[in-house]
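What follows is a set of notes on a single structure, which appears directly below.
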Amino acid sequence: MKAADTSVEPVGRIVAAIEASFDRVVATAVDAIWEQVPAYPACPEERLRADVTMHVGAIFRVLLASLREGRPVQRADFPVTESQAVRRIRQGISLSDFLHASQVGQLTFWRAVLDAAGDDPRTRDAALSLVEQVMQGVDVGTSVGAEMYLYAQQHQLAESDRIRRDLLEDLMARRDVPPGPKHAMLSAAGLEPGVRLVVASGTPALPLADDRTLQDAVTVLRRLASQGFTVVRQDEIVGIAPVPAGGSAGAVKNLQRVIPDLERQGWRFMLGISTVHAGLAEVPEAYAEACAARDGLGGTPGVVALPLLSSLDYLVLRHDETARRLIRPEVYRFVEEDLARGGDLIATFLEYTASNLNAKIAAQRLHMHVNTAYYRLERIAERTGCDLRRFADVVELLIAVRLLDAHGAPGVPRGRSA
């Protein structure tokens, strides 16, 4: 090793030695990051290595200036970190990997300080005396990096939400989506032109707690949903999802499965899901269907999925006060009184209709004796004046039950969401 220049004070010799091999020190740090932080070599972004090299060089210059001038590192010494944090987010590097890379790079710098000290006792002692100063610089740099990353991430999320809202309004207005961020968002969501899709609309069934917002629920939904996109639109959450190869049942299942996760976290939603539509141009119609399905829940938490309903179910779902007034008084009275008593007769009647008016099959499904089923059906006929062997009377009573049972929205079992 070359003999130390005793005309220069020890710290100055260390700084001069690092500056003389600066590019090599930076390259060593970048190599170490690629070896120790798997996310970096796994990233497909071609510019990543050049960006990291530039960032490492900027940080090392800050640390060298601190040693040369004998002063602590200041937060203002890291102006390039904010732009680099934004780049890492866009390049898919997580915060933990970003900070890990920073620590690897700064450890490489400390090793360079020790190497620059060589075997000269005075220079070696000077290097050891710099531990606190270097570590202070590392702490400041790491703190600034974390804050800038989180700030950039928050800004990016806010911008992404704005793009989602604008994109939804474009689709609602049937405006063409030009190439750019909105088009890229559609592609990432699996919503290519001509795709078969469903639209969902959800609103809280209960007032939100003071510490919660609809955006919090959207964050959960985005974590759980593999495709589609979800956005807050005024007082509701709107989602658009592509229909998988399995058809509408698969799309509905994908949307329904997130409800239990939301409920476990205290969210209670009314969710309506549209029928399947062909192409983004039909989003307005699909959205109107989803809202109608959601409103059919009448304020009760649950899910109404139109692809799973019959035409009759849908017509009843869109009930109004006129339809209620057309129900015969004795039928109206029977439904209200039986619901107040627990709905056993209505449950038997619904199973009877689901069994193609076969009382024996209905009894088997309800796990009761067939005579009990016959007895209950006779009581219903006596109280309503309906002949339950006559199709028109059965339909009249079925419609009345659908209209008057607040928890009886099609596809939503009483007392819980589907």
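Labels used: A, B, ... for chains in the order of the structure tokens, numbers from 1 for residues in each chain, and numbers from 1 for ligands as shown.
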If you run DSSP over the backbone, which residues in segment 151-357 of chain A end up helix (DSSP H, G or I)? Put them as number ranges by chain.
A: 151-172, 181-188, 214-224, 248-256, 258-264, 280-295, 306-308, 311-317, 321-325, 329-340, 344-354
Name all residues at most 12 Å from segment 112-114 of chain A (count only C-alpha atoms; drop same-chain ones fewer than 3 positions away) and give them as a VMD selection string.
chain A and resid 10 to 29 60 63 to 64 67 105 to 109 117 to 121 123 to 131 133 to 134
Need to verify the contact set: segment 237-242 of chain A, 9 Å, only C-alpha atoms, exclusion of same-chain residues closer than 4 positions in sequence. Can you return it as JSON, numbers by chain?
{"A": [168, 189, 190, 191, 192, 195, 196, 197, 198, 199, 200, 201, 202, 203, 214, 215, 217, 218, 227, 228, 229, 230, 231, 232, 233, 251, 255, 283, 287]}
So what do you get for atom CA of Glu147 of chain A versus atom CA of Ala42 of chain A, distance-wise?
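Atom-to-atom, atom CA of Glu147 of chain A to atom CA of Ala42 of chain A, that is 24.5 Å.
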Residues near Asp166 of chain A, cut-off 12 Å, only C-alpha atoms, skip fewer than 3 positions along chain, as a VMD selection string:
chain A and resid 159 to 163 169 to 173 175 177 181 to 183 185 231 to 233
Near Ala286 of chain A, counting only C-alpha atoms, which residues have an atom at most 8 Å away, once you skip same-chain residues fewer than 4 positions from it, shown as a count of residues only?
8
